[in-house]
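Undergrad: Pasting a structure here, questions to come.
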Amino acid sequence: MTQDEASGSRTGTVSARARAALDALEHLLAGMGTALLALLAALWLALTTVACLAGVGLLLLPSALHATRAVADRERTRLSRWGPRLISPPDPPPGLRAAVTDRAVRREIRWVCAHALFGLLLGLIGATLPLNAAHDITFPLYWRFLPESEATAALGWWTVRDWPGALAVTLFGVLTVAAIVFCAPVLARLQAWPGRRLLAPDPGTDLVLRVAELTATRAAALDAHATELRRVERALHDGTQNRIVAVTVLLGAARRALTRNPGQADAVLERAQEAAEQALAELRAVVRSILPPVLADRSLPDALTALAADCPVPCDIDTDVPGRCPASVEATAYFVVAEALSNIAKHSGAREAGVVVRRLDDRLYVEIHDDGHGGADERNGSGLTGIRRRTEAHDGTLELASPPGGPTTLKVTLPCGS
């Protein structure tokens, strides 16, 4: 390995560690959000338990169990975006006694109690470490303006009275950044561990749910395939076929003109050539909509860049996809971005949009966002149903956030193998 290759390898390693640390901090903060919800659910369970001793807790128990399941499902969704997917167990059996003794319910209660304590603690650590690092690194810029009692490092270990002390605080901030880079992924895994252990269904239940889910996704894949065939058929029938019919008619007219009025034959042949060129252009458009050549010949980032160049709304593409994904996954990701950008151009009223694509381990993450007026809804027939079907056919997940007034963010996760 040459010196330049070794330097490039080290740069890539540092960049990968930095991205992993940022992702871990994001997961820690998201975990802190579910931990706050778990804390509320745990307090509600505790209140219900105390109320049961007074004889009125049975009225509160169904709502407490419902709150526990809702928080647990949010954690399953969060963890599924970062690793193997967690499938929700079946609904609790009817009857309070059966519901309380259900194994899945009891595991969710244990998780709520554990996550409310340890998940919240780890989330607070993940939130305060970057703030402490920013405080300490920039400390020399403002320490002289602080009262003496407040001129300390973020943790307040010593009082700074001179420049060497201020620079020591900065050095401590740099060490905090290094600790974040190395420790944040570990903290994120520790925060996720109780959920991975307690929120996963039993193996037998998991298999039954998995079979049901695969049956549903197979049906969705067949529907998506049939819809795509109908789209191609309509494009060929309504566009290309009509153009070819026009060419045939014009060629017949040109043959008759050659015998009756040769002077008009050239004009008719010119019209026939124009119709043939239009038919060829429409046929190429149909072929590109099935599988764009740039995707097959080059890469997903190049294909997305070409999509963004054709989008009427200014669109920024940010991709980090080392290597190639399976062809079907790349085609699905391309379809998702193409449909989303088409929706943005038609319905959002956005001034700018962005596409972020990342591959982490065996998953491909695609995010499309815009600054439009929001309010996107799958029930309005805006193409989102087709995106969901194509995504779920690959055992992927889709999340849509589009409040009225915007902005709109569409996140798709696709398993792509290693």
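Following the order of the structure tokens, chains are lettered A, B, ..., residues in each are numbered from 1, and ligands are numbered from 1.
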Neighbouring residues of segment 301-303 of chain A were defined as those with any atom within 7 Å, considering only C-alpha atoms; residues of the same chain fewer than 6 positions away were excluded. Please report them as a CSV table (one decimal) with N, CA and C atoms, in the first residue's frame.

TA:
```csv
chain,number,residue,atom,x,y,z
A,294,VAL,N,-28.9,4.4,-17.1
A,294,VAL,CA,-27.8,4.9,-16.2
A,294,VAL,C,-27.7,4.1,-14.9
A,295,LEU,N,-28.9,3.6,-14.5
A,295,LEU,CA,-28.9,2.8,-13.3
A,295,LEU,C,-28.2,1.4,-13.5
A,319,THR,N,-25.4,11.5,-1.5
A,319,THR,CA,-25.4,10.0,-1.4
A,319,THR,C,-24.1,9.5,-0.9
```

Undergrad: Got a sec: who's within 12 Å of Ile368 of chain A, counting only C-alpha atoms, leaving out chain neighbours fewer than 6 positions off, as a short mmCIF file (atom, residue, chain, number, x, y, z; two decimals) with N, CA and C atoms, in the first residue's frame?

TA:
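File written: out.cif
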```
data_model
loop_
_atom_site.label_atom_id
_atom_site.label_comp_id
_atom_site.auth_asym_id
_atom_site.auth_seq_id
_atom_site.Cartn_x
_atom_site.Cartn_y
_atom_site.Cartn_z
N LEU A 304 -29.72 8.94 -9.65
CA LEU A 304 -30.45 9.94 -8.87
C LEU A 304 -30.03 11.35 -9.26
N ALA A 308 -32.53 14.31 -10.47
CA ALA A 308 -32.56 15.66 -9.90
C ALA A 308 -32.38 16.72 -10.98
N CYS A 315 -33.14 20.52 -6.70
CA CYS A 315 -33.01 19.35 -5.82
C CYS A 315 -31.54 19.07 -5.57
N ASP A 316 -31.19 18.88 -4.30
CA ASP A 316 -29.83 18.56 -3.90
C ASP A 316 -29.74 17.06 -3.61
N ILE A 317 -28.73 16.40 -4.15
CA ILE A 317 -28.52 14.97 -3.97
C ILE A 317 -27.30 14.75 -3.08
N ASP A 318 -27.48 14.01 -1.99
CA ASP A 318 -26.40 13.68 -1.06
C ASP A 318 -26.39 12.17 -0.87
N THR A 319 -25.42 11.49 -1.47
CA THR A 319 -25.39 10.03 -1.44
C THR A 319 -24.07 9.54 -0.87
N ALA A 333 -35.30 1.87 -5.00
CA ALA A 333 -34.87 3.18 -4.49
C ALA A 333 -35.04 4.26 -5.57
N TYR A 334 -34.69 3.92 -6.81
CA TYR A 334 -34.87 4.87 -7.91
C TYR A 334 -36.34 5.21 -8.11
N VAL A 336 -38.72 5.08 -5.85
CA VAL A 336 -39.17 5.88 -4.71
C VAL A 336 -38.80 7.35 -4.91
N VAL A 337 -37.54 7.59 -5.28
CA VAL A 337 -37.10 8.98 -5.46
C VAL A 337 -37.81 9.62 -6.64
N ALA A 338 -37.95 8.87 -7.75
CA ALA A 338 -38.61 9.43 -8.92
C ALA A 338 -40.06 9.81 -8.61
N GLU A 339 -40.79 8.91 -7.94
CA GLU A 339 -42.19 9.19 -7.62
C GLU A 339 -42.29 10.35 -6.62
N ALA A 340 -41.39 10.37 -5.63
CA ALA A 340 -41.43 11.44 -4.64
C ALA A 340 -41.14 12.80 -5.28
N LEU A 341 -40.14 12.87 -6.16
CA LEU A 341 -39.83 14.14 -6.82
C LEU A 341 -40.97 14.57 -7.75
N SER A 342 -41.62 13.58 -8.38
CA SER A 342 -42.79 13.92 -9.20
C SER A 342 -43.90 14.51 -8.35
N ASN A 343 -44.14 13.93 -7.17
CA ASN A 343 -45.15 14.48 -6.26
C ASN A 343 -44.78 15.88 -5.80
N ILE A 344 -43.51 16.09 -5.51
CA ILE A 344 -43.06 17.42 -5.06
C ILE A 344 -43.32 18.46 -6.15
N GLU A 352 -37.47 24.18 -2.97
CA GLU A 352 -36.29 23.34 -3.08
C GLU A 352 -36.57 22.00 -2.41
N ALA A 353 -35.82 21.00 -2.81
CA ALA A 353 -35.97 19.64 -2.28
C ALA A 353 -34.59 19.04 -2.11
N GLY A 354 -34.55 17.93 -1.40
CA GLY A 354 -33.28 17.25 -1.17
C GLY A 354 -33.48 15.76 -1.05
N VAL A 355 -32.47 15.02 -1.47
CA VAL A 355 -32.48 13.56 -1.39
C VAL A 355 -31.19 13.12 -0.69
N VAL A 356 -31.34 12.33 0.37
CA VAL A 356 -30.19 11.80 1.11
C VAL A 356 -30.28 10.28 1.05
N VAL A 357 -29.20 9.65 0.61
CA VAL A 357 -29.15 8.19 0.50
C VAL A 357 -27.90 7.70 1.22
N ARG A 358 -28.08 6.78 2.13
CA ARG A 358 -26.98 6.20 2.88
C ARG A 358 -27.11 4.68 2.91
N LEU A 398 -41.51 2.43 5.50
CA LEU A 398 -41.75 3.78 5.00
C LEU A 398 -42.31 4.63 6.12
N GLU A 399 -41.78 5.85 6.25
CA GLU A 399 -42.27 6.82 7.23
C GLU A 399 -42.51 8.14 6.52
N LEU A 400 -43.65 8.74 6.80
CA LEU A 400 -44.00 10.01 6.18
C LEU A 400 -44.34 11.02 7.27
N ALA A 401 -43.69 12.17 7.21
CA ALA A 401 -44.00 13.28 8.10
C ALA A 401 -44.30 14.49 7.23
N SER A 402 -45.58 14.90 7.20
CA SER A 402 -45.98 16.00 6.34
C SER A 402 -47.07 16.82 7.02
N PRO A 407 -42.49 21.30 6.76
CA PRO A 407 -42.00 20.63 5.55
C PRO A 407 -42.43 19.17 5.50
N THR A 408 -42.15 18.51 4.39
CA THR A 408 -42.49 17.11 4.20
C THR A 408 -41.20 16.28 4.14
N THR A 409 -41.19 15.18 4.88
CA THR A 409 -40.03 14.28 4.89
C THR A 409 -40.53 12.86 4.69
N LEU A 410 -39.98 12.18 3.70
CA LEU A 410 -40.31 10.78 3.41
C LEU A 410 -39.04 9.95 3.63
N LYS A 411 -39.14 8.96 4.52
CA LYS A 411 -37.99 8.11 4.83
C LYS A 411 -38.34 6.66 4.45
N VAL A 412 -37.45 6.05 3.70
CA VAL A 412 -37.63 4.66 3.27
C VAL A 412 -36.37 3.89 3.64
N THR A 413 -36.57 2.72 4.21
CA THR A 413 -35.47 1.83 4.56
C THR A 413 -35.64 0.52 3.79
#
```

Undergrad: Hey, could you make a per-residue contact list for segment 44-162 of chain A against segment 170-181 of chain A with 8 Å as the cut-off, showing the nearest pair of atoms and its distance in Å to one decimal, counting only C-alpha atoms, sorted by chain and number, as a Markdown table?

TA:
```
| residue | atom | partner | partner_atom | distance |
| --- | --- | --- | --- | --- |
| A:Leu129 | CA | A:Ile180 | CA | 7.0 |
| A:Pro130 | CA | A:Val177 | CA | 7.3 |
| A:Asn132 | CA | A:Gly173 | CA | 7.2 |
| A:Ala133 | CA | A:Gly173 | CA | 4.6 |
| A:Ala134 | CA | A:Gly173 | CA | 7.1 |
| A:His135 | CA | A:Gly173 | CA | 7.5 |
| A:Asp136 | CA | A:Gly173 | CA | 4.6 |
| A:Ile137 | CA | A:Thr170 | CA | 4.3 |
| A:Thr138 | CA | A:Thr170 | CA | 6.9 |
| A:Phe139 | CA | A:Thr170 | CA | 6.4 |
| A:Pro140 | CA | A:Thr170 | CA | 7.2 |
```

Undergrad: Could you tell me which of A:Leu141, A:Val100, A:Val56, A:Val169 comes closest to Ala153 of chain A if we count only C-alpha atoms?

TA: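 So, comparing all the options, the nearest one is A:Val169.
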
Undergrad: Env of Ala30 of chain A: 8 Å cut, atoms = only C-alpha atoms, seq-sep filter 4 positions within chain, self excluded. Answer as a list in words.

TA: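 So, after excluding close chain neighbours, the residues are Glu26, Thr34, Arg78 and Gly123 of chain A.
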
Undergrad: Could you check the closest approach to Arg144 of chain A for each of A:Trp111, A:Trp163, A:Tyr365, A:Trp157 and tell me which residue wins, using only C-alpha atoms?

TA: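 Residue with the minimum atom-to-atom distance to Arg144 of chain A: A:Trp163.
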
Undergrad: Separation of atom CA of Leu414 of chain A and atom CA of Asp320 of chain A, in Å?

TA: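 Separation between atom CA of Leu414 of chain A and atom CA of Asp320 of chain A: 14.8 Å.
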
Undergrad: Against segment 189-197 of chain A, which residues of segment 80-160 of chain A fall within 12 Å? For each one I want the closest pair of atoms and the distance in Å (one decimal), counting only C-alpha atoms, rows by chain and increasing residue number, as JSON lines.

TA:
```
{"residue": "A:Ser80", "atom": "CA", "partner": "A:Arg196", "partner_atom": "CA", "distance": 9.7}
{"residue": "A:Arg81", "atom": "CA", "partner": "A:Ala192", "partner_atom": "CA", "distance": 11.7}
{"residue": "A:Trp82", "atom": "CA", "partner": "A:Ala192", "partner_atom": "CA", "distance": 9.5}
{"residue": "A:Gly83", "atom": "CA", "partner": "A:Arg196", "partner_atom": "CA", "distance": 9.8}
{"residue": "A:Pro84", "atom": "CA", "partner": "A:Arg196", "partner_atom": "CA", "distance": 9.2}
{"residue": "A:Arg85", "atom": "CA", "partner": "A:Arg196", "partner_atom": "CA", "distance": 9.7}
{"residue": "A:Leu86", "atom": "CA", "partner": "A:Arg196", "partner_atom": "CA", "distance": 7.9}
{"residue": "A:Ile87", "atom": "CA", "partner": "A:Arg196", "partner_atom": "CA", "distance": 10.9}
{"residue": "A:Ser88", "atom": "CA", "partner": "A:Gly195", "partner_atom": "CA", "distance": 11.9}
{"residue": "A:Ala104", "atom": "CA", "partner": "A:Arg197", "partner_atom": "CA", "distance": 11.7}
{"residue": "A:Arg107", "atom": "CA", "partner": "A:Arg197", "partner_atom": "CA", "distance": 9.2}
{"residue": "A:Glu108", "atom": "CA", "partner": "A:Gly195", "partner_atom": "CA", "distance": 8.8}
{"residue": "A:Ile109", "atom": "CA", "partner": "A:Gly195", "partner_atom": "CA", "distance": 11.3}
{"residue": "A:Arg110", "atom": "CA", "partner": "A:Pro194", "partner_atom": "CA", "distance": 9.1}
{"residue": "A:Trp111", "atom": "CA", "partner": "A:Pro194", "partner_atom": "CA", "distance": 6.4}
{"residue": "A:Val112", "atom": "CA", "partner": "A:Gly195", "partner_atom": "CA", "distance": 9.1}
{"residue": "A:Cys113", "atom": "CA", "partner": "A:Pro194", "partner_atom": "CA", "distance": 10.2}
{"residue": "A:Ala114", "atom": "CA", "partner": "A:Pro194", "partner_atom": "CA", "distance": 7.2}
{"residue": "A:His115", "atom": "CA", "partner": "A:Pro194", "partner_atom": "CA", "distance": 7.1}
{"residue": "A:Ala116", "atom": "CA", "partner": "A:Gln191", "partner_atom": "CA", "distance": 10.6}
{"residue": "A:Leu117", "atom": "CA", "partner": "A:Gln191", "partner_atom": "CA", "distance": 10.3}
{"residue": "A:Phe118", "atom": "CA", "partner": "A:Gln191", "partner_atom": "CA", "distance": 7.1}
{"residue": "A:Gly119", "atom": "CA", "partner": "A:Gln191", "partner_atom": "CA", "distance": 5.2}
{"residue": "A:Leu120", "atom": "CA", "partner": "A:Gln191", "partner_atom": "CA", "distance": 8.6}
{"residue": "A:Leu121", "atom": "CA", "partner": "A:Gln191", "partner_atom": "CA", "distance": 9.0}
{"residue": "A:Leu122", "atom": "CA", "partner": "A:Gln191", "partner_atom": "CA", "distance": 6.4}
{"residue": "A:Gly123", "atom": "CA", "partner": "A:Gln191", "partner_atom": "CA", "distance": 7.8}
{"residue": "A:Leu124", "atom": "CA", "partner": "A:Gln191", "partner_atom": "CA", "distance": 11.1}
{"residue": "A:Ile125", "atom": "CA", "partner": "A:Gln191", "partner_atom": "CA", "distance": 11.0}
{"residue": "A:Gly126", "atom": "CA", "partner": "A:Gln191", "partner_atom": "CA", "distance": 10.4}
```

Undergrad: Once you have the residues from the selection above, write them out as a CSV table (one decimal), in the first residue's frame, restricted to N, CA, C and O atoms.

TA:
```
chain,number,residue,atom,x,y,z
A,80,SER,N,-36.3,-0.8,14.6
A,80,SER,CA,-36.3,-1.5,13.3
A,80,SER,C,-35.6,-0.6,12.3
A,80,SER,O,-35.2,-1.1,11.2
A,81,ARG,N,-35.5,0.7,12.5
A,81,ARG,CA,-34.7,1.6,11.6
A,81,ARG,C,-33.2,1.4,11.8
A,81,ARG,O,-32.5,2.0,11.0
A,82,TRP,N,-32.8,0.7,12.8
A,82,TRP,CA,-31.4,0.6,13.1
A,82,TRP,C,-31.1,-0.9,13.5
A,82,TRP,O,-30.8,-1.2,14.6
A,83,GLY,N,-31.2,-1.7,12.5
A,83,GLY,CA,-30.9,-3.1,12.7
A,83,GLY,C,-32.1,-4.0,12.3
A,83,GLY,O,-33.0,-3.6,11.6
A,84,PRO,N,-32.1,-5.3,12.7
A,84,PRO,CA,-33.1,-6.2,12.4
A,84,PRO,C,-34.5,-5.7,12.8
A,84,PRO,O,-34.7,-5.1,13.9
A,85,ARG,N,-35.5,-6.0,12.0
A,85,ARG,CA,-36.8,-5.5,12.3
A,85,ARG,C,-37.5,-6.2,13.4
A,85,ARG,O,-37.4,-7.5,13.5
A,86,LEU,N,-38.2,-5.5,14.3
A,86,LEU,CA,-38.9,-6.1,15.4
A,86,LEU,C,-40.4,-6.1,15.0
A,86,LEU,O,-40.9,-5.0,14.7
A,87,ILE,N,-41.0,-7.2,15.1
A,87,ILE,CA,-42.4,-7.3,14.7
A,87,ILE,C,-43.3,-7.3,16.0
A,87,ILE,O,-43.0,-7.9,17.0
A,88,SER,N,-44.3,-6.5,15.9
A,88,SER,CA,-45.2,-6.4,17.1
A,88,SER,C,-45.9,-7.7,17.3
A,88,SER,O,-46.3,-8.4,16.4
A,104,ALA,N,-46.2,-11.5,26.4
A,104,ALA,CA,-45.7,-10.3,25.7
A,104,ALA,C,-46.0,-9.1,26.5
A,104,ALA,O,-45.2,-8.2,26.6
A,107,ARG,N,-43.6,-8.8,29.4
A,107,ARG,CA,-42.2,-8.3,28.9
A,107,ARG,C,-42.2,-6.9,28.5
A,107,ARG,O,-41.3,-6.2,28.8
A,108,GLU,N,-43.4,-6.4,28.0
A,108,GLU,CA,-43.4,-4.9,27.7
A,108,GLU,C,-43.4,-4.1,29.0
A,108,GLU,O,-42.8,-3.0,29.0
A,109,ILE,N,-44.1,-4.6,30.0
A,109,ILE,CA,-44.1,-3.8,31.3
A,109,ILE,C,-42.6,-3.8,31.9
A,109,ILE,O,-42.2,-2.8,32.3
A,110,ARG,N,-41.9,-4.9,31.7
A,110,ARG,CA,-40.5,-4.9,32.2
A,110,ARG,C,-39.7,-4.0,31.4
A,110,ARG,O,-38.8,-3.2,31.9
A,111,TRP,N,-39.9,-3.9,30.1
A,111,TRP,CA,-39.1,-3.0,29.3
A,111,TRP,C,-39.5,-1.6,29.6
A,111,TRP,O,-38.5,-0.7,29.7
A,112,VAL,N,-40.7,-1.2,29.8
A,112,VAL,CA,-41.1,0.1,30.2
A,112,VAL,C,-40.4,0.6,31.4
A,112,VAL,O,-39.8,1.7,31.5
A,113,CYS,N,-40.3,-0.3,32.4
A,113,CYS,CA,-39.6,0.1,33.7
A,113,CYS,C,-38.1,0.3,33.4
A,113,CYS,O,-37.5,1.2,34.0
A,114,ALA,N,-37.5,-0.6,32.7
A,114,ALA,CA,-36.1,-0.5,32.4
A,114,ALA,C,-35.7,0.7,31.5
A,114,ALA,O,-34.8,1.4,31.8
A,115,HIS,N,-36.5,0.9,30.5
A,115,HIS,CA,-36.2,1.9,29.6
A,115,HIS,C,-36.4,3.3,30.2
A,115,HIS,O,-35.7,4.3,29.9
A,116,ALA,N,-37.4,3.4,31.0
A,116,ALA,CA,-37.7,4.7,31.7
A,116,ALA,C,-36.5,5.1,32.5
A,116,ALA,O,-36.3,6.3,32.7
A,117,LEU,N,-35.8,4.2,33.1
A,117,LEU,CA,-34.6,4.5,33.9
A,117,LEU,C,-33.3,4.6,33.1
A,117,LEU,O,-32.7,5.7,32.9
A,118,PHE,N,-32.9,3.5,32.5
A,118,PHE,CA,-31.6,3.4,31.9
A,118,PHE,C,-31.6,4.1,30.5
A,118,PHE,O,-30.6,4.7,30.1
A,119,GLY,N,-32.7,3.9,29.8
A,119,GLY,CA,-32.8,4.6,28.5
A,119,GLY,C,-32.8,6.1,28.6
A,119,GLY,O,-32.1,6.8,27.8
A,120,LEU,N,-33.5,6.6,29.6
A,120,LEU,CA,-33.5,8.1,29.8
A,120,LEU,C,-32.1,8.5,30.2
A,120,LEU,O,-31.6,9.6,29.8
A,121,LEU,N,-31.4,7.8,31.1
A,121,LEU,CA,-30.1,8.1,31.6
A,121,LEU,C,-29.1,8.2,30.4
A,121,LEU,O,-28.4,9.2,30.3
A,122,LEU,N,-29.1,7.1,29.6
A,122,LEU,CA,-28.2,7.1,28.5
A,122,LEU,C,-28.5,8.2,27.5
A,122,LEU,O,-27.6,8.8,26.8
A,123,GLY,N,-29.8,8.5,27.3
A,123,GLY,CA,-30.2,9.5,26.4
A,123,GLY,C,-29.7,10.9,26.9
A,123,GLY,O,-29.2,11.7,26.1
A,124,LEU,N,-29.8,11.1,28.2
A,124,LEU,CA,-29.3,12.4,28.7
A,124,LEU,C,-27.8,12.5,28.5
A,124,LEU,O,-27.3,13.6,28.3
A,125,ILE,N,-27.1,11.4,28.7
A,125,ILE,CA,-25.6,11.4,28.5
A,125,ILE,C,-25.3,11.8,27.0
A,125,ILE,O,-24.5,12.6,26.7
A,126,GLY,N,-26.1,11.1,26.1
A,126,GLY,CA,-25.9,11.4,24.7
A,126,GLY,C,-26.2,12.9,24.3
A,126,GLY,O,-25.6,13.4,23.4
```

Undergrad: Quick one: DSSP helix (DSSP H, G or I) residues in segment 63-128 of chain A, as number ranges by chain?

TA: A: 63-80, 96-101, 103-128

Undergrad: So, with only C-alpha atoms as the atoms that count, which of A:Val71, A:Val313, A:Ala16, A:Leu47 lies closest to Ala35 of chain A?

TA: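 For Ala35 of chain A, the nearest of the candidates is A:Val71.
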
Undergrad: At a cut-off of 12 Å, using only C-alpha atoms, what residues contact Thr391 of chain A? Leave out same-chain residues fewer than 2 positions from it and give the result as number ranges by chain.

TA: A: 217-218, 220-221, 224, 328-337, 364-366, 384-389, 393-399, 411-416

Undergrad: Do you have the atom CA of Leu61 of chain A-atom CA of Asp91 of chain A distance handy?

TA: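 Calculated distance between atom CA of Leu61 of chain A and atom CA of Asp91 of chain A is 15.4 Å.
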
Undergrad: Counting only C-alpha atoms, which residue out of A:Leu300, A:Leu79, A:Leu60, A:Ala350 sits closest to Ala188 of chain A?

TA: A:Leu79

Undergrad: What does the distance from atom CA of Glu277 of chain A to atom CA of Ala309 of chain A come to in Å, to one decimal?

TA: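 Going from atom CA of Glu277 of chain A over to atom CA of Ala309 of chain A, I get 23.8 Å.
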
Undergrad: For Leu58 of chain A, which residue among A:Ala46, A:Val321, A:Ala151, A:Leu96 is the nearest when counting only C-alpha atoms?

TA: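 Among the listed residues, A:Leu96 lies closest to Leu58 of chain A.
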